[in-house]
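Source file: upload.tsv; contents: TSV, C-alpha atoms.
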```tsv
chain	number	residue	atom	x	y	z
A	1	MET	CA	131.10	87.18	-240.18
A	2	GLN	CA	131.11	88.42	-243.80
A	3	PHE	CA	130.08	92.07	-244.14
A	4	GLU	CA	128.84	91.83	-247.71
A	5	HIS	CA	126.12	93.85	-249.43
A	6	GLY	CA	123.87	93.48	-252.45
A	7	GLY	CA	124.36	95.27	-255.75
A	8	ASN	CA	127.86	93.95	-256.54
A	9	VAL	CA	127.32	93.74	-260.30
A	10	HIS	CA	131.05	94.25	-260.87
A	11	ARG	CA	131.90	90.88	-259.31
A	12	PHE	CA	129.25	89.15	-261.44
A	13	ILE	CA	130.66	90.67	-264.63
A	14	ARG	CA	134.21	89.64	-263.63
A	15	GLU	CA	133.36	86.09	-262.56
A	16	GLN	CA	130.55	85.23	-264.99
A	17	ALA	CA	131.85	87.14	-268.02
A	18	GLY	CA	128.44	88.77	-268.23
A	19	SER	CA	127.41	92.22	-269.41
A	20	LEU	CA	125.72	95.01	-267.50
A	21	GLU	CA	123.11	95.43	-270.25
A	22	ALA	CA	121.90	91.81	-269.98
A	23	LEU	CA	121.98	91.70	-266.18
A	24	LEU	CA	118.90	91.84	-263.94
A	25	ASP	CA	120.00	92.93	-260.48
A	26	PHE	CA	117.37	92.09	-257.85
A	27	SER	CA	119.99	92.23	-255.08
A	28	ALA	CA	119.98	96.04	-254.68
A	29	ASN	CA	116.84	97.84	-253.52
A	30	ILE	CA	116.95	100.83	-255.85
A	31	ASN	CA	114.02	102.83	-257.25
A	32	PRO	CA	112.88	100.91	-260.37
A	33	LEU	CA	111.83	104.15	-262.08
A	34	GLY	CA	115.51	105.07	-262.43
A	35	LEU	CA	116.84	108.62	-262.20
A	36	SER	CA	114.68	111.62	-261.45
A	37	PRO	CA	114.34	113.60	-264.72
A	38	LYS	CA	114.71	116.92	-262.89
A	39	GLY	CA	117.65	115.58	-260.93
A	40	LYS	CA	119.42	114.38	-264.07
A	41	GLU	CA	118.83	117.73	-265.79
A	42	ALA	CA	120.19	119.66	-262.79
A	43	MET	CA	123.23	117.38	-262.63
A	44	LEU	CA	124.07	117.86	-266.30
A	45	ASN	CA	123.53	121.61	-266.05
A	46	GLY	CA	125.90	121.67	-263.07
A	47	LEU	CA	128.91	120.21	-264.89
A	48	GLU	CA	130.68	123.59	-264.80
A	49	TRP	CA	130.80	123.31	-261.00
A	50	LEU	CA	133.31	120.47	-261.32
A	51	SER	CA	135.97	123.17	-261.66
A	52	HIS	CA	135.14	124.48	-258.18
A	53	TYR	CA	135.11	123.08	-254.66
A	54	PRO	CA	131.66	122.31	-253.26
A	55	ASP	CA	130.22	124.54	-250.56
A	56	PRO	CA	131.82	123.07	-247.40
A	57	ASP	CA	128.66	123.90	-245.44
A	58	TYR	CA	126.29	122.54	-248.12
A	59	THR	CA	123.88	125.32	-247.18
A	60	GLN	CA	121.57	125.06	-250.20
A	61	LEU	CA	121.54	121.26	-250.10
A	62	ARG	CA	120.72	121.13	-246.39
A	63	GLU	CA	117.91	123.67	-246.85
A	64	LYS	CA	116.37	121.55	-249.62
A	65	LEU	CA	116.75	118.38	-247.55
A	66	ALA	CA	115.24	120.15	-244.55
A	67	ARG	CA	112.08	120.99	-246.49
A	68	TYR	CA	111.84	117.42	-247.77
A	69	TYR	CA	112.43	115.79	-244.35
A	70	ARG	CA	110.49	118.52	-242.51
A	71	VAL	CA	113.19	119.46	-240.03
A	72	ASP	CA	115.36	122.49	-239.30
A	73	PRO	CA	118.48	122.68	-241.56
A	74	LYS	CA	120.68	122.89	-238.45
A	75	PHE	CA	119.61	119.32	-237.64
A	76	ILE	CA	121.14	117.92	-240.87
A	77	SER	CA	124.65	116.73	-241.67
A	78	VAL	CA	125.35	115.17	-245.07
A	79	PHE	CA	127.63	112.27	-245.98
A	80	ASN	CA	129.12	110.41	-248.91
A	81	GLY	CA	126.37	107.78	-248.70
A	82	GLY	CA	124.42	106.32	-245.80
A	83	ALA	CA	127.23	103.90	-244.92
A	84	GLU	CA	129.64	106.77	-244.24
A	85	GLY	CA	126.95	108.34	-242.05
A	86	ILE	CA	126.79	105.14	-239.97
A	87	HIS	CA	130.54	104.97	-239.44
A	88	GLU	CA	130.94	108.67	-238.64
A	89	LEU	CA	128.00	108.60	-236.24
A	90	PHE	CA	129.30	105.57	-234.34
A	91	ARG	CA	132.77	107.14	-234.25
A	92	PHE	CA	131.17	110.11	-232.48
A	93	LEU	CA	128.99	108.04	-230.12
A	94	LYS	CA	131.64	105.41	-229.20
A	95	PRO	CA	129.09	103.27	-227.29
A	96	LYS	CA	130.38	100.71	-224.82
A	97	LYS	CA	127.27	98.55	-225.13
A	98	ALA	CA	124.67	98.39	-227.91
A	99	ILE	CA	121.55	96.39	-228.72
A	100	LEU	CA	121.04	95.37	-232.34
A	101	THR	CA	118.14	93.45	-233.81
A	102	ALA	CA	118.84	90.39	-235.94
A	103	PRO	CA	118.40	90.13	-238.83
A	104	SER	CA	119.17	93.69	-239.83
A	105	PHE	CA	121.69	95.70	-241.86
A	106	VAL	CA	125.16	94.16	-241.39
A	107	GLU	CA	127.01	97.50	-241.49
A	108	TYR	CA	125.91	98.38	-237.94
A	109	GLU	CA	127.88	95.48	-236.49
A	110	LYS	CA	130.91	96.26	-238.64
A	111	ALA	CA	130.95	99.90	-237.54
A	112	LEU	CA	130.48	99.04	-233.85
A	113	LEU	CA	133.22	96.40	-233.83
A	114	ALA	CA	135.64	99.09	-234.95
A	115	HIS	CA	135.10	100.70	-231.52
A	116	GLU	CA	135.12	97.42	-229.57
A	117	THR	CA	131.48	97.87	-228.59
A	118	GLU	CA	129.82	95.03	-226.70
A	119	ILE	CA	126.82	93.95	-228.77
A	120	ASP	CA	123.67	92.30	-227.38
A	121	TRP	CA	121.49	90.67	-230.03
A	122	PHE	CA	117.69	90.89	-230.03
A	123	TYR	CA	116.54	88.16	-232.41
A	124	LEU	CA	113.43	88.56	-234.55
A	125	LYS	CA	111.33	85.46	-235.21
A	126	PRO	CA	110.22	84.20	-238.64
A	127	GLU	CA	106.98	82.85	-237.16
A	128	GLN	CA	106.16	86.46	-236.21
A	129	GLN	CA	107.01	87.72	-239.73
A	130	PHE	CA	110.19	89.19	-238.18
A	131	GLN	CA	108.18	91.92	-236.46
A	132	ILE	CA	109.66	93.40	-233.28
A	133	ASP	CA	108.08	92.24	-230.05
A	134	GLN	CA	107.88	95.78	-228.70
A	135	ARG	CA	107.09	94.85	-225.11
A	136	LYS	CA	109.96	92.35	-224.99
A	137	LEU	CA	112.42	94.82	-226.53
A	138	LEU	CA	111.50	97.52	-224.01
A	139	MET	CA	111.99	95.01	-221.18
A	140	THR	CA	115.39	94.01	-222.62
A	141	VAL	CA	116.47	97.65	-222.89
A	142	GLU	CA	115.37	98.31	-219.29
A	143	LEU	CA	117.33	95.27	-218.09
A	144	GLU	CA	120.52	95.75	-220.12
A	145	ARG	CA	120.66	99.59	-220.04
A	146	PRO	CA	122.71	99.92	-223.25
A	147	ASP	CA	124.44	103.10	-224.40
A	148	LEU	CA	122.89	102.61	-227.83
A	149	VAL	CA	119.97	100.90	-229.59
A	150	VAL	CA	119.86	100.71	-233.39
A	151	LEU	CA	116.61	100.05	-235.28
A	152	CYS	CA	116.02	99.98	-239.02
A	153	THR	CA	112.55	100.88	-240.34
A	154	PRO	CA	111.61	99.48	-242.79
A	155	ASN	CA	114.02	96.82	-241.62
A	156	ASN	CA	116.62	95.47	-244.03
A	157	PRO	CA	116.13	92.69	-245.17
A	158	THR	CA	112.67	91.93	-243.71
A	159	GLY	CA	110.75	95.07	-244.77
A	160	GLN	CA	108.94	95.45	-241.44
A	161	ILE	CA	108.30	98.94	-240.01
A	162	VAL	CA	108.38	100.25	-236.45
A	163	SER	CA	105.78	102.79	-235.35
A	164	SER	CA	106.82	106.34	-234.56
A	165	GLU	CA	104.96	106.04	-231.24
A	166	PHE	CA	107.05	103.06	-230.12
A	167	LEU	CA	110.26	104.77	-231.22
A	168	GLU	CA	109.40	107.79	-229.06
A	169	ASP	CA	108.66	105.50	-226.09
A	170	LEU	CA	112.04	103.85	-226.59
A	171	THR	CA	113.72	107.26	-226.86
A	172	MET	CA	112.29	108.40	-223.54
A	173	THR	CA	113.31	105.13	-221.87
A	174	LEU	CA	116.91	105.43	-223.07
A	175	ALA	CA	117.06	109.10	-222.04
A	176	ARG	CA	116.78	108.08	-218.38
A	177	TRP	CA	120.42	106.91	-218.40
A	178	LYS	CA	121.64	109.03	-221.37
A	179	GLY	CA	121.25	106.16	-223.82
A	180	ARG	CA	121.00	106.98	-227.53
A	181	LEU	CA	118.68	105.68	-230.26
A	182	VAL	CA	119.73	105.41	-233.92
A	183	ILE	CA	116.88	105.00	-236.41
A	184	ASP	CA	117.83	103.95	-239.94
A	185	GLU	CA	115.22	105.22	-242.42
A	186	ALA	CA	117.10	104.35	-245.61
A	187	PHE	CA	113.94	103.00	-247.26
A	188	VAL	CA	111.21	105.00	-245.54
A	189	ASP	CA	110.70	107.26	-248.58
A	190	PHE	CA	109.09	104.34	-250.42
A	191	LEU	CA	106.25	104.28	-247.88
A	192	PRO	CA	103.02	106.25	-248.46
A	193	THR	CA	103.21	110.01	-247.95
A	194	ASP	CA	100.99	109.84	-244.85
A	195	HIS	CA	103.41	107.52	-243.02
A	196	GLU	CA	104.21	108.74	-239.50
A	197	ARG	CA	107.44	110.72	-239.42
A	198	VAL	CA	109.97	110.76	-236.60
A	199	SER	CA	110.73	114.35	-237.61
A	200	LYS	CA	107.58	115.47	-235.74
A	201	TRP	CA	109.20	114.86	-232.36
A	202	LEU	CA	112.89	114.80	-233.33
A	203	PRO	CA	113.54	118.37	-232.02
A	204	LEU	CA	112.46	117.28	-228.51
A	205	TYR	CA	115.22	114.71	-227.96
A	206	GLU	CA	118.96	115.15	-228.36
A	207	ASN	CA	119.58	111.41	-227.93
A	208	VAL	CA	118.02	110.45	-231.32
A	209	TYR	CA	119.88	110.13	-234.61
A	210	VAL	CA	118.06	109.36	-237.87
A	211	LEU	CA	120.02	107.86	-240.76
A	212	LYS	CA	118.90	108.80	-244.27
A	213	SER	CA	119.98	107.35	-247.61
A	214	PHE	CA	119.15	109.60	-250.55
A	215	THR	CA	120.43	107.16	-253.17
A	216	LYS	CA	117.88	104.33	-252.63
A	217	PHE	CA	114.68	106.23	-253.34
A	218	PHE	CA	116.18	108.63	-255.88
A	219	GLY	CA	117.89	105.82	-257.79
A	220	VAL	CA	121.56	106.89	-257.74
A	221	PRO	CA	123.69	104.57	-255.54
A	222	GLY	CA	126.63	105.38	-257.79
A	223	LEU	CA	126.55	109.05	-256.73
A	224	ARG	CA	126.58	108.43	-252.93
A	225	LEU	CA	124.57	110.77	-250.73
A	226	GLY	CA	123.28	110.24	-247.20
A	227	ALA	CA	122.43	112.29	-244.14
A	228	VAL	CA	122.04	112.11	-240.38
A	229	LEU	CA	119.25	114.10	-238.72
A	230	SER	CA	119.61	115.00	-235.07
A	231	ALA	CA	118.84	117.78	-232.61
A	232	SER	CA	122.24	117.14	-230.99
A	233	SER	CA	124.35	120.23	-231.60
A	234	HIS	CA	127.35	118.34	-230.17
A	235	PHE	CA	127.19	115.85	-233.05
A	236	HIS	CA	127.11	118.50	-235.78
A	237	GLU	CA	129.87	120.51	-234.08
A	238	TYR	CA	131.98	117.35	-233.81
A	239	LEU	CA	131.66	116.79	-237.55
A	240	SER	CA	132.63	120.36	-238.38
A	241	LEU	CA	135.85	119.85	-236.41
A	242	HIS	CA	136.79	116.24	-237.19
A	243	ALA	CA	135.02	114.92	-240.30
A	244	VAL	CA	136.44	115.02	-243.83
A	245	PRO	CA	135.50	118.26	-245.67
A	246	TRP	CA	133.67	118.30	-249.03
A	247	ARG	CA	132.05	114.94	-248.37
A	248	ILE	CA	129.52	115.40	-251.19
A	249	ASN	CA	130.73	115.92	-254.74
A	250	ALA	CA	129.20	118.55	-257.03
A	251	MET	CA	127.32	116.02	-259.21
A	252	ALA	CA	125.59	114.39	-256.24
A	253	GLU	CA	124.73	117.80	-254.82
A	254	HIS	CA	123.21	119.13	-258.05
A	255	TYR	CA	121.30	115.92	-258.71
A	256	ALA	CA	119.79	116.14	-255.23
A	257	LEU	CA	118.84	119.80	-255.64
A	258	GLY	CA	116.87	118.94	-258.76
A	259	ALA	CA	115.42	115.60	-257.62
A	260	LEU	CA	114.05	117.04	-254.38
A	261	GLU	CA	111.88	119.36	-256.51
A	262	ASP	CA	110.63	116.53	-258.75
A	263	GLN	CA	107.25	116.00	-257.12
A	264	SER	CA	105.77	114.01	-260.00
A	265	TYR	CA	108.71	111.57	-259.85
A	266	ILE	CA	108.39	111.26	-256.05
A	267	GLU	CA	104.66	110.53	-256.21
A	268	ALA	CA	105.01	108.13	-259.16
A	269	SER	CA	107.73	106.19	-257.31
A	270	LYS	CA	105.59	105.74	-254.20
A	271	ASP	CA	102.55	104.77	-256.26
A	272	TYR	CA	104.47	102.22	-258.31
A	273	ILE	CA	105.94	100.43	-255.30
A	274	ALA	CA	102.54	100.42	-253.55
A	275	LYS	CA	101.06	98.55	-256.55
A	276	ALA	CA	104.00	96.42	-257.73
A	277	ARG	CA	105.12	95.04	-254.34
A	278	PRO	CA	101.87	93.20	-253.42
A	279	LEU	CA	101.58	91.89	-256.99
A	280	LEU	CA	105.11	90.46	-256.92
A	281	MET	CA	104.53	89.02	-253.44
A	282	GLU	CA	101.32	87.37	-254.60
A	283	LYS	CA	102.98	85.75	-257.62
A	284	LEU	CA	105.92	84.50	-255.55
A	285	SER	CA	103.57	83.14	-252.88
A	286	GLU	CA	101.84	80.98	-255.51
A	287	LEU	CA	105.07	79.06	-256.20
A	288	ASP	CA	105.71	75.78	-254.41
A	289	GLY	CA	108.98	75.65	-252.47
A	290	ILE	CA	109.09	79.32	-251.43
A	291	GLN	CA	107.85	81.17	-248.37
A	292	VAL	CA	107.37	84.91	-248.76
A	293	TYR	CA	107.45	87.17	-245.70
A	294	ASP	CA	105.30	90.27	-245.48
A	295	SER	CA	107.01	93.57	-246.32
A	296	CYS	CA	106.24	97.29	-246.43
A	297	ALA	CA	109.35	98.22	-248.42
A	298	ASP	CA	110.56	97.99	-252.02
A	299	TYR	CA	111.92	94.50	-251.35
A	300	MET	CA	110.86	91.26	-249.67
A	301	LEU	CA	112.45	88.30	-247.90
A	302	LEU	CA	112.07	84.74	-249.21
A	303	LYS	CA	112.81	81.34	-247.69
A	304	VAL	CA	113.58	78.60	-250.21
A	305	ASP	CA	112.93	74.97	-249.28
A	306	SER	CA	115.98	73.00	-248.18
A	307	GLU	CA	116.21	70.77	-251.25
A	308	LYS	CA	116.46	73.81	-253.55
A	309	MET	CA	118.32	76.37	-251.43
A	310	GLU	CA	121.83	75.33	-252.48
A	311	THR	CA	121.13	75.65	-256.22
A	312	PHE	CA	118.64	78.53	-256.16
A	313	GLU	CA	121.09	81.44	-256.44
A	314	LYS	CA	123.50	79.57	-258.71
A	315	ASN	CA	120.81	78.63	-261.23
A	316	LEU	CA	119.44	82.19	-261.30
A	317	LEU	CA	122.97	83.44	-262.02
A	318	THR	CA	123.06	81.29	-265.15
A	319	LYS	CA	120.06	83.32	-266.31
A	320	GLN	CA	121.99	86.54	-265.46
A	321	ILE	CA	119.71	87.31	-262.52
A	322	ILE	CA	121.24	88.38	-259.21
A	323	VAL	CA	119.38	88.06	-255.89
A	324	ARG	CA	120.65	88.92	-252.41
A	325	ASN	CA	121.77	85.81	-250.57
A	326	CYS	CA	120.99	86.58	-246.90
A	327	ALA	CA	122.99	83.73	-245.39
A	328	ASN	CA	125.41	86.24	-243.82
A	329	TYR	CA	122.64	88.01	-241.87
A	330	ARG	CA	122.57	87.09	-238.19
A	331	GLY	CA	119.31	85.33	-237.41
A	332	LEU	CA	118.82	83.97	-240.93
A	333	GLY	CA	121.29	81.58	-242.56
A	334	PRO	CA	121.12	79.39	-245.69
A	335	GLY	CA	117.95	79.46	-247.75
A	336	TYR	CA	116.99	83.11	-247.17
A	337	PHE	CA	117.07	85.53	-250.10
A	338	ARG	CA	116.04	89.17	-250.54
A	339	ILE	CA	114.30	90.24	-253.75
A	340	ALA	CA	113.96	93.87	-254.86
A	341	VAL	CA	110.86	95.20	-256.59
A	342	LYS	CA	111.80	96.25	-260.11
A	343	ALA	CA	109.98	97.27	-263.30
A	344	GLN	CA	106.99	95.06	-264.13
A	345	ARG	CA	108.67	93.45	-267.16
A	346	GLU	CA	111.70	92.54	-265.05
A	347	ASN	CA	109.50	91.23	-262.23
A	348	ASP	CA	107.76	88.96	-264.74
A	349	VAL	CA	111.12	87.67	-266.01
A	350	LEU	CA	112.13	86.89	-262.43
A	351	ILE	CA	108.93	84.94	-261.74
A	352	GLU	CA	109.39	82.78	-264.84
A	353	ALA	CA	113.05	82.21	-264.01
A	354	ILE	CA	112.26	81.12	-260.46
A	355	LYS	CA	109.59	78.73	-261.77
A	356	GLU	CA	112.24	77.06	-263.94
A	357	VAL	CA	114.77	76.96	-261.11
A	358	LEU	CA	112.30	75.35	-258.71
A	359	ARG	CA	111.47	72.60	-261.23
```

Represent the structure of the file as structure tokens.
Amino acid sequence: MQFEHGGNVHRFIREQAGSLEALLDFSANINPLGLSPKGKEAMLNGLEWLSHYPDPDYTQLREKLARYYRVDPKFISVFNGGAEGIHELFRFLKPKKAILTAPSFVEYEKALLAHETEIDWFYLKPEQQFQIDQRKLLMTVELERPDLVVLCTPNNPTGQIVSSEFLEDLTMTLARWKGRLVIDEAFVDFLPTDHERVSKWLPLYENVYVLKSFTKFFGVPGLRLGAVLSASSHFHEYLSLHAVPWRINAMAEHYALGALEDQSYIEASKDYIAKARPLLMEKLSELDGIQVYDSCADYMLLKVDSEKMETFEKNLLTKQIIVRNCANYRGLGPGYFRIAVKAQRENDVLIEAIKEVLR
């Protein structure tokens, strides 16, 4: 199993002798509007704080995040990116048995294998648009009685969402034998503002942990900032005793403090994805040799016909376009690719490039 991720522009530049300026990276699902103006301004104004240690409690940052996520600040712990949050959370939970859906984010498996966790796989079906069969999953959980279930919504790489109502049902089921539920909401900020939020019932259950990735929606994967929301005081106390201090650097903290106040940027980002995603999906669906799966996120999953799958990625690379090859996702394999939604001009370039590649 290869635990690789998208967004590795450094490898492309090394191997293809390309330049960052000419590159179109559709492999990383980052906000196409770029940096938040208010976040960038706050970060630049905070340069003087580089001469000081960050607040080890991140009080101001957690208060701002709490207002944005609509939870109590005491329910928030911050991390140097969402991936660190996953590893630290699983180090705390140390589950003996877990259920993971497939396909989904590969980092869950990597983090669980570090603790020798037994993993049961719940496979999602392409003929069902990779949606979770909720009744079947609940039956599987009842039968297997795992210590942990991990669900990603919107799922990576399929873009399908799971309802808040089903997640609460699953939470209550797991609570009967002290099982825990981890919900990865790395891309949920791209959904409409009226999307159901887990935070409404999060305070009621100490067996729920919600993973957040600040850097996807706010466009700064190079800064690294993530969080875990939970009503479990044991988890937050564990981190205060055992986790690395000063996990968030001053630049990431100041950018977040400004970006979280940038309401026009937040609304514009949601509106753009809501309009650009269906348009890109429609144009891709018109091409012969490609199947496009439905998505609610800022990315979509494609299946390329067998006669073109081996050359698809390679030929796009010659045009300095990177897509996410999903062959290393369990439940997928060769021929599956994930495409991010980018600026309209870049989306148009991608469509024309794929047309040429498929010829």

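The gap separating CA of Leu211 in chain A from CA of Glu109 in chain A is 15.3 Å, in Å to one decimal.
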
If you measure from CA of Ile183 in chain A to CA of Arg247 in chain A, what distance in Å do you get, rounded to one decimal?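 Calculated distance between CA of Ile183 in chain A and CA of Arg247 in chain A is 21.7 Å.
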
I'd like the contact shell of range 62-79 of chain A - 6 Å cut-off, only C-alpha atoms, skipping same-chain residues fewer than 6 positions apart - returned as a PyMOL selection string. chain A and resi 85+225-231+247

Length of the CA of Gly219 in chain A to CA of Val341 in chain A vector [Å]: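 Distance between the two atoms: 12.8 Å.
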
Return the single residue from A:Lys303, A:Pro334, A:Asp57, A:Ala340 that is closest to Ile321 in chain A, with distances computed using only C-alpha atoms. A:Ala340

Go through A:Val357, A:Lys342, A:Asn347, A:Leu287 one by one, measure the shortest atom-to-atom distance of each to Met309 in chain A using all atoms listed in the file, and give the residue with the smallest value.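 Checking each candidate against Met309 in chain A, we get A:Val357 as the closest.
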
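Distances from A:Glu346, A:Glu307, A:Lys40, A:Ala252 to Pro221 in chain A were compared using all atoms listed in the file, and the smallest one belongs to A:Ala252.
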
Long-range neighbours of Phe312 in chain A as a PyMOL selection string, 9 Å cut-off, only C-alpha atoms, 6 positions minimum in chain: chain A and resi 304+335+354+357-358

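Taking only C-alpha atoms into account, Ser199 in chain A lies nearest to A:Leu167 out of the set A:Leu167, A:Leu112, A:Val149, A:Ala83.
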
Tell me which protein, DNA and RNA residues are within 12 Å of Lys283 in chain A, counting all atoms listed in the file, leaving out same-chain ones fewer than 3 positions away, and put them as an mmCIF file with C-alpha atoms, keeping the file's coordinate frame.
```
data_model
loop_
_atom_site.group_PDB
_atom_site.id
_atom_site.type_symbol
_atom_site.label_atom_id
_atom_site.label_comp_id
_atom_site.auth_asym_id
_atom_site.auth_seq_id
_atom_site.Cartn_x
_atom_site.Cartn_y
_atom_site.Cartn_z
ATOM 1 C CA ALA A 276 104.000 96.420 -257.730
ATOM 2 C CA ARG A 277 105.120 95.040 -254.340
ATOM 3 C CA PRO A 278 101.870 93.200 -253.420
ATOM 4 C CA LEU A 279 101.580 91.890 -256.990
ATOM 5 C CA LEU A 280 105.110 90.460 -256.920
ATOM 6 C CA GLU A 286 101.840 80.980 -255.510
ATOM 7 C CA LEU A 287 105.070 79.060 -256.200
ATOM 8 C CA ASP A 288 105.710 75.780 -254.410
ATOM 9 C CA ILE A 290 109.090 79.320 -251.430
ATOM 10 C CA GLN A 291 107.850 81.170 -248.370
ATOM 11 C CA VAL A 292 107.370 84.910 -248.760
ATOM 12 C CA ASN A 347 109.500 91.230 -262.230
ATOM 13 C CA ASP A 348 107.760 88.960 -264.740
ATOM 14 C CA VAL A 349 111.120 87.670 -266.010
ATOM 15 C CA LEU A 350 112.130 86.890 -262.430
ATOM 16 C CA ILE A 351 108.930 84.940 -261.740
ATOM 17 C CA GLU A 352 109.390 82.780 -264.840
ATOM 18 C CA ILE A 354 112.260 81.120 -260.460
ATOM 19 C CA LYS A 355 109.590 78.730 -261.770
#
```

Just the residues within 12 Å of Met172 in chain A, please, counting all atoms listed in the file, with nothing from its chain fewer than 3 positions along; format it as a PyMOL selection string. chain A and resi 138+141-142+165-169+175-181+201-202+204-208

Restricting the calculation to all atoms listed in the file: of A:Trp246, A:Phe26, A:Tyr209, A:Phe337, which residue gets closest to Leu89 in chain A?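 Smallest distance to Leu89 in chain A is found for A:Tyr209.
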
Completion step: range 343-349 of chain A with all heavy atoms as an mmCIF file, keeping the file's coordinate frame:
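Result file follows (selection27.cif):
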```
data_model
loop_
_atom_site.group_PDB
_atom_site.id
_atom_site.type_symbol
_atom_site.label_atom_id
_atom_site.label_comp_id
_atom_site.auth_asym_id
_atom_site.auth_seq_id
_atom_site.Cartn_x
_atom_site.Cartn_y
_atom_site.Cartn_z
ATOM 1 N N ALA A 343 110.998 96.972 -262.287
ATOM 2 C CA ALA A 343 109.980 97.270 -263.300
ATOM 3 C C ALA A 343 109.153 96.019 -263.578
ATOM 4 O O ALA A 343 109.647 94.896 -263.440
ATOM 5 C CB ALA A 343 110.651 97.768 -264.576
ATOM 6 N N GLN A 344 107.906 96.201 -263.993
ATOM 7 C CA GLN A 344 106.990 95.060 -264.130
ATOM 8 C C GLN A 344 107.536 94.004 -265.091
ATOM 9 O O GLN A 344 107.432 92.799 -264.819
ATOM 10 C CB GLN A 344 105.628 95.552 -264.622
ATOM 11 C CG GLN A 344 104.551 94.486 -264.560
ATOM 12 C CD GLN A 344 104.367 93.947 -263.150
ATOM 13 O OE1 GLN A 344 104.110 94.695 -262.223
ATOM 14 N NE2 GLN A 344 104.532 92.638 -262.977
ATOM 15 N N ARG A 345 108.121 94.415 -266.202
ATOM 16 C CA ARG A 345 108.670 93.450 -267.160
ATOM 17 C C ARG A 345 109.764 92.612 -266.502
ATOM 18 O O ARG A 345 109.832 91.387 -266.694
ATOM 19 C CB ARG A 345 109.236 94.178 -268.382
ATOM 20 C CG ARG A 345 109.820 93.241 -269.444
ATOM 21 C CD ARG A 345 110.602 94.007 -270.495
ATOM 22 N NE ARG A 345 111.765 94.667 -269.920
ATOM 23 C CZ ARG A 345 112.925 94.035 -269.675
ATOM 24 N NH1 ARG A 345 113.051 92.744 -269.917
ATOM 25 N NH2 ARG A 345 113.954 94.703 -269.183
ATOM 26 N N GLU A 346 110.612 93.254 -265.725
ATOM 27 C CA GLU A 346 111.700 92.540 -265.050
ATOM 28 C C GLU A 346 111.155 91.619 -263.959
ATOM 29 O O GLU A 346 111.659 90.504 -263.768
ATOM 30 C CB GLU A 346 112.695 93.551 -264.472
ATOM 31 C CG GLU A 346 113.400 94.365 -265.544
ATOM 32 C CD GLU A 346 114.218 95.506 -264.981
ATOM 33 O OE1 GLU A 346 113.789 96.106 -263.979
ATOM 34 O OE2 GLU A 346 115.276 95.802 -265.548
ATOM 35 N N ASN A 347 110.129 92.079 -263.228
ATOM 36 C CA ASN A 347 109.500 91.230 -262.230
ATOM 37 C C ASN A 347 108.933 89.958 -262.864
ATOM 38 O O ASN A 347 109.027 88.864 -262.307
ATOM 39 C CB ASN A 347 108.398 91.982 -261.490
ATOM 40 C CG ASN A 347 108.918 93.118 -260.636
ATOM 41 O OD1 ASN A 347 110.101 93.157 -260.300
ATOM 42 N ND2 ASN A 347 108.056 94.055 -260.300
ATOM 43 N N ASP A 348 108.327 90.112 -264.032
ATOM 44 C CA ASP A 348 107.760 88.960 -264.740
ATOM 45 C C ASP A 348 108.857 87.982 -265.168
ATOM 46 O O ASP A 348 108.676 86.757 -265.093
ATOM 47 C CB ASP A 348 106.965 89.425 -265.956
ATOM 48 C CG ASP A 348 105.690 90.172 -265.584
ATOM 49 O OD1 ASP A 348 105.232 90.016 -264.425
ATOM 50 O OD2 ASP A 348 105.166 90.922 -266.425
ATOM 51 N N VAL A 349 109.986 88.522 -265.634
ATOM 52 C CA VAL A 349 111.120 87.670 -266.010
ATOM 53 C C VAL A 349 111.614 86.889 -264.804
ATOM 54 O O VAL A 349 111.926 85.694 -264.902
ATOM 55 C CB VAL A 349 112.259 88.524 -266.619
ATOM 56 C CG1 VAL A 349 113.530 87.685 -266.797
ATOM 57 C CG2 VAL A 349 111.833 89.120 -267.955
#
```
